[in-house]
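Asks: Let me begin by handing over the structure; questions about it come next.
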Amino acid sequence: MTDTVAFEPGGYRFMPGVFQYSGGVIADEAHEIVRVRFRNPPPMAEGFRDVEALLEREGRPTTAVCAFELRSPGQFTEDGFRAFNELYVETLGRWGLWDGQTNPVARSNVCPEIDAPETPSIHAVCFTVPRRPEHTAPSFAVAGSGEVPEGQSNYRDHIVCRGDTSTDGMREKVRFVVGEMARRLSALGVGWADVTATQAYTVHNIQPFMGPEIVAKGAALGGLTWFYDRPPIVELDYEMDCRGVADERML
């Protein structure tokens, strides 16, 4: 895992990414990741308080947080997305997770096409706990990725098949994202065989090529959960994330 960096206060390693999130996280040998999904996703400010209370009950520090899954009312412009992210990392800074430059916390942030929340909300959170002896498999979460390389000067000019939601266009978008998921898994020292859940987010039809582009590549060994959601930025059409977690709960 030479592509990862240790975040010792949290008990995990992370794949460096952009300022708003890391590319993915994997628990160290002494820890495992727990995922908690909110039955009714709370608005972000309220959700952060709920997460703090959850961590206190679990006897875990705020630095144990390693991934968030967010839901937003609609797609952001690039400027709007940056403003949202700057507000988001303020809490991570208060929690000892963001030092002004490096962010170890993985994330997805997508926009439900139907019944969207009125304000950005927390769908799920992942955090580390001491590893139980019976849980020997790798414990990890890969951040969401749309069909655009991270770290560019802007998103718009680098979107794969921008504006093309035909079958061929969507195939290329999915092919790029599945490849990026595989790259991030490899950086964490794991592979598709270690994944316990894969999630796709799009309002466009991916069924015609799901077999060769997703299933045949091993990306749906445990099935595929397809959310009728859009990625967070205008003109992006497909997003995906995945994880390998033994303990998942509902709150």
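Residues are referred to by chain and number: the chain letter is A, B, ... according to the order shown in the structure tokens, the number counts from 1 in that chain, and ligands are numbered separately from 1 in the order shown.
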Residues at most 10 Å from Pro112 of chain A, counting only C-alpha atoms, excluding those fewer than 3 positions away in the same chain, as a PDB file with N, CA and C atoms, in the first residue's frame?
Replies:
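Generated file (around_15.pdb):
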ATOM      1  N   ARG A  71     -26.149  13.385   0.616  1.00  0.00           N
ATOM      2  CA  ARG A  71     -27.198  13.601  -0.372  1.00  0.00           C
ATOM      3  C   ARG A  71     -27.464  15.100  -0.458  1.00  0.00           C
ATOM      4  N   SER A  72     -27.565  15.614  -1.686  1.00  0.00           N
ATOM      5  CA  SER A  72     -27.757  17.046  -1.892  1.00  0.00           C
ATOM      6  C   SER A  72     -29.015  17.314  -2.714  1.00  0.00           C
ATOM      7  N   PRO A  73     -29.573  18.542  -2.611  1.00  0.00           N
ATOM      8  CA  PRO A  73     -30.825  18.853  -3.310  1.00  0.00           C
ATOM      9  C   PRO A  73     -30.720  18.818  -4.828  1.00  0.00           C
ATOM     10  N   GLY A  74     -29.574  19.169  -5.361  1.00  0.00           N
ATOM     11  CA  GLY A  74     -29.392  19.201  -6.805  1.00  0.00           C
ATOM     12  C   GLY A  74     -27.931  19.394  -7.143  1.00  0.00           C
ATOM     13  N   GLN A  75     -27.613  19.272  -8.426  1.00  0.00           N
ATOM     14  CA  GLN A  75     -26.222  19.391  -8.841  1.00  0.00           C
ATOM     15  C   GLN A  75     -25.695  20.805  -8.627  1.00  0.00           C
ATOM     16  N   ASP A 115     -37.561  12.983  -4.770  1.00  0.00           N
ATOM     17  CA  ASP A 115     -37.561  13.101  -3.303  1.00  0.00           C
ATOM     18  C   ASP A 115     -36.195  13.521  -2.766  1.00  0.00           C
ATOM     19  N   ALA A 116     -35.611  14.507  -3.424  1.00  0.00           N
ATOM     20  CA  ALA A 116     -34.318  15.030  -2.961  1.00  0.00           C
ATOM     21  C   ALA A 116     -34.495  15.785  -1.640  1.00  0.00           C
ATOM     22  N   PRO A 117     -33.475  15.815  -0.806  1.00  0.00           N
ATOM     23  CA  PRO A 117     -33.573  16.586   0.440  1.00  0.00           C
ATOM     24  C   PRO A 117     -33.598  18.086   0.156  1.00  0.00           C
ATOM     25  N   TYR A 201     -24.662   5.492  -9.271  1.00  0.00           N
ATOM     26  CA  TYR A 201     -25.568   6.629  -9.205  1.00  0.00           C
ATOM     27  C   TYR A 201     -25.715   7.231 -10.596  1.00  0.00           C
ATOM     28  N   THR A 202     -26.900   7.104 -11.163  1.00  0.00           N
ATOM     29  CA  THR A 202     -27.174   7.714 -12.462  1.00  0.00           C
ATOM     30  C   THR A 202     -28.670   7.671 -12.728  1.00  0.00           C
ATOM     31  N   VAL A 203     -29.144   8.602 -13.562  1.00  0.00           N
ATOM     32  CA  VAL A 203     -30.542   8.570 -14.003  1.00  0.00           C
ATOM     33  C   VAL A 203     -30.628   8.047 -15.434  1.00  0.00           C
ATOM     34  N   PHE A 227     -28.740   3.638  -7.524  1.00  0.00           N
ATOM     35  CA  PHE A 227     -29.526   4.763  -7.030  1.00  0.00           C
ATOM     36  C   PHE A 227     -29.908   5.673  -8.194  1.00  0.00           C
ATOM     37  N   TYR A 228     -31.160   6.103  -8.209  1.00  0.00           N
ATOM     38  CA  TYR A 228     -31.630   7.018  -9.257  1.00  0.00           C
ATOM     39  C   TYR A 228     -31.239   8.444  -8.857  1.00  0.00           C
ATOM     40  N   ASP A 229     -29.942   8.671  -8.832  1.00  0.00           N
ATOM     41  CA  ASP A 229     -29.344   9.922  -8.379  1.00  0.00           C
ATOM     42  C   ASP A 229     -28.371  10.433  -9.440  1.00  0.00           C
ATOM     43  N   ARG A 230     -28.055  11.701  -9.360  1.00  0.00           N
ATOM     44  CA  ARG A 230     -27.049  12.303 -10.227  1.00  0.00           C
ATOM     45  C   ARG A 230     -25.782  12.581  -9.422  1.00  0.00           C
ATOM     46  N   PRO A 231     -24.614  12.588 -10.068  1.00  0.00           N
ATOM     47  CA  PRO A 231     -23.388  13.043  -9.400  1.00  0.00           C
ATOM     48  C   PRO A 231     -23.535  14.509  -8.980  1.00  0.00           C
ATOM     49  N   PRO A 232     -22.631  15.023  -8.147  1.00  0.00           N
ATOM     50  CA  PRO A 232     -22.854  16.336  -7.531  1.00  0.00           C
ATOM     51  C   PRO A 232     -22.635  17.544  -8.423  1.00  0.00           C
TER      52      PRO A 232
END
Asks: Can you pull out the residues contacting segment 169-178 of chain A? Cut-off 9 Å, using only C-alpha atoms, and skip same-chain residues under 6 positions away; I want them as a ChimeraX atom specification.
Replies: /A:145-148,159-163,204-206,208-210,213-214,217,219,237-240
Asks: Extract the full set of alpha helix (DSSP H) residues from segment 10-203 of chain A according to DSSP on the backbone, and format it as a PDB file with C-alpha atoms, in the first residue's frame.
Replies:
ATOM      1  CA  MET A  44     -25.686  18.156   7.483  1.00  0.00           C
ATOM      2  CA  ALA A  45     -25.318  20.382  10.575  1.00  0.00           C
ATOM      3  CA  GLU A  46     -27.745  18.220  12.555  1.00  0.00           C
ATOM      4  CA  GLY A  47     -26.149  15.082  11.134  1.00  0.00           C
ATOM      5  CA  PHE A  48     -22.717  16.122  12.308  1.00  0.00           C
ATOM      6  CA  ARG A  49     -24.117  16.424  15.829  1.00  0.00           C
ATOM      7  CA  ASP A  50     -25.723  12.997  15.461  1.00  0.00           C
ATOM      8  CA  VAL A  51     -22.385  11.538  14.389  1.00  0.00           C
ATOM      9  CA  GLU A  52     -20.637  13.114  17.365  1.00  0.00           C
ATOM     10  CA  ALA A  53     -23.228  11.545  19.687  1.00  0.00           C
ATOM     11  CA  LEU A  54     -22.846   8.181  17.939  1.00  0.00           C
ATOM     12  CA  LEU A  55     -19.079   8.257  18.341  1.00  0.00           C
ATOM     13  CA  GLU A  56     -19.415   9.164  22.016  1.00  0.00           C
ATOM     14  CA  ARG A  57     -21.707   6.166  22.564  1.00  0.00           C
ATOM     15  CA  GLU A  58     -19.192   3.957  20.762  1.00  0.00           C
ATOM     16  CA  GLU A  78     -18.169  24.201  -9.926  1.00  0.00           C
ATOM     17  CA  ASP A  79     -18.058  27.414  -7.847  1.00  0.00           C
ATOM     18  CA  GLY A  80     -21.012  26.234  -5.785  1.00  0.00           C
ATOM     19  CA  PHE A  81     -19.362  22.868  -5.203  1.00  0.00           C
ATOM     20  CA  ARG A  82     -16.188  24.502  -3.967  1.00  0.00           C
ATOM     21  CA  ALA A  83     -18.144  26.767  -1.587  1.00  0.00           C
ATOM     22  CA  PHE A  84     -20.017  23.735  -0.238  1.00  0.00           C
ATOM     23  CA  ASN A  85     -16.774  21.818   0.265  1.00  0.00           C
ATOM     24  CA  GLU A  86     -15.127  24.704   2.093  1.00  0.00           C
ATOM     25  CA  LEU A  87     -18.054  24.723   4.526  1.00  0.00           C
ATOM     26  CA  TYR A  88     -17.962  20.925   4.854  1.00  0.00           C
ATOM     27  CA  VAL A  89     -14.265  20.743   5.780  1.00  0.00           C
ATOM     28  CA  GLU A  90     -14.727  23.276   8.575  1.00  0.00           C
ATOM     29  CA  THR A  91     -16.291  20.529  10.682  1.00  0.00           C
ATOM     30  CA  LEU A  92     -13.581  18.075   9.678  1.00  0.00           C
ATOM     31  CA  GLY A  93     -11.028  20.610  10.870  1.00  0.00           C
ATOM     32  CA  ARG A  94     -12.791  20.944  14.219  1.00  0.00           C
ATOM     33  CA  THR A 167     -25.737   4.185 -24.981  1.00  0.00           C
ATOM     34  CA  ASP A 168     -22.242   4.581 -26.404  1.00  0.00           C
ATOM     35  CA  GLY A 169     -21.561   7.709 -24.353  1.00  0.00           C
ATOM     36  CA  MET A 170     -22.751   6.149 -21.125  1.00  0.00           C
ATOM     37  CA  ARG A 171     -20.697   3.034 -21.837  1.00  0.00           C
ATOM     38  CA  GLU A 172     -17.543   5.146 -22.008  1.00  0.00           C
ATOM     39  CA  LYS A 173     -18.445   6.993 -18.827  1.00  0.00           C
ATOM     40  CA  VAL A 174     -19.060   3.751 -16.944  1.00  0.00           C
ATOM     41  CA  ARG A 175     -15.884   2.216 -18.342  1.00  0.00           C
ATOM     42  CA  PHE A 176     -13.848   5.165 -17.032  1.00  0.00           C
ATOM     43  CA  VAL A 177     -15.452   5.066 -13.569  1.00  0.00           C
ATOM     44  CA  VAL A 178     -15.104   1.290 -13.155  1.00  0.00           C
ATOM     45  CA  GLY A 179     -11.452   1.683 -14.098  1.00  0.00           C
ATOM     46  CA  GLU A 180     -11.020   4.421 -11.517  1.00  0.00           C
ATOM     47  CA  MET A 181     -12.648   2.234  -8.859  1.00  0.00           C
ATOM     48  CA  ALA A 182     -10.221  -0.567  -9.729  1.00  0.00           C
ATOM     49  CA  ARG A 183      -7.291   1.860  -9.504  1.00  0.00           C
ATOM     50  CA  ARG A 184      -8.352   3.041  -6.061  1.00  0.00           C
ATOM     51  CA  LEU A 185      -8.908  -0.499  -4.829  1.00  0.00           C
ATOM     52  CA  SER A 186      -5.416  -1.432  -6.000  1.00  0.00           C
ATOM     53  CA  ALA A 187      -3.932   1.585  -4.215  1.00  0.00           C
TER      54      ALA A 187
END
Asks: Quick one: residues within 7 Å of Gly11 of chain A, only C-alpha atoms, excluding same-chain residues fewer than 3 positions away - as a count of residues only?
Replies: 7
Asks: Please compute the atom CA of Ile233 of chain A-atom CA of Val36 of chain A distance, one decimal, in Å.
Replies: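 These two atoms are separated by 25.4 Å.
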Asks: Between atom CA of Glu150 of chain A and atom CA of Gly17 of chain A, what is the distance, to one decimal in Å?
Replies: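 Interatomic distance, atom CA of Glu150 of chain A to atom CA of Gly17 of chain A: 7.7 Å.
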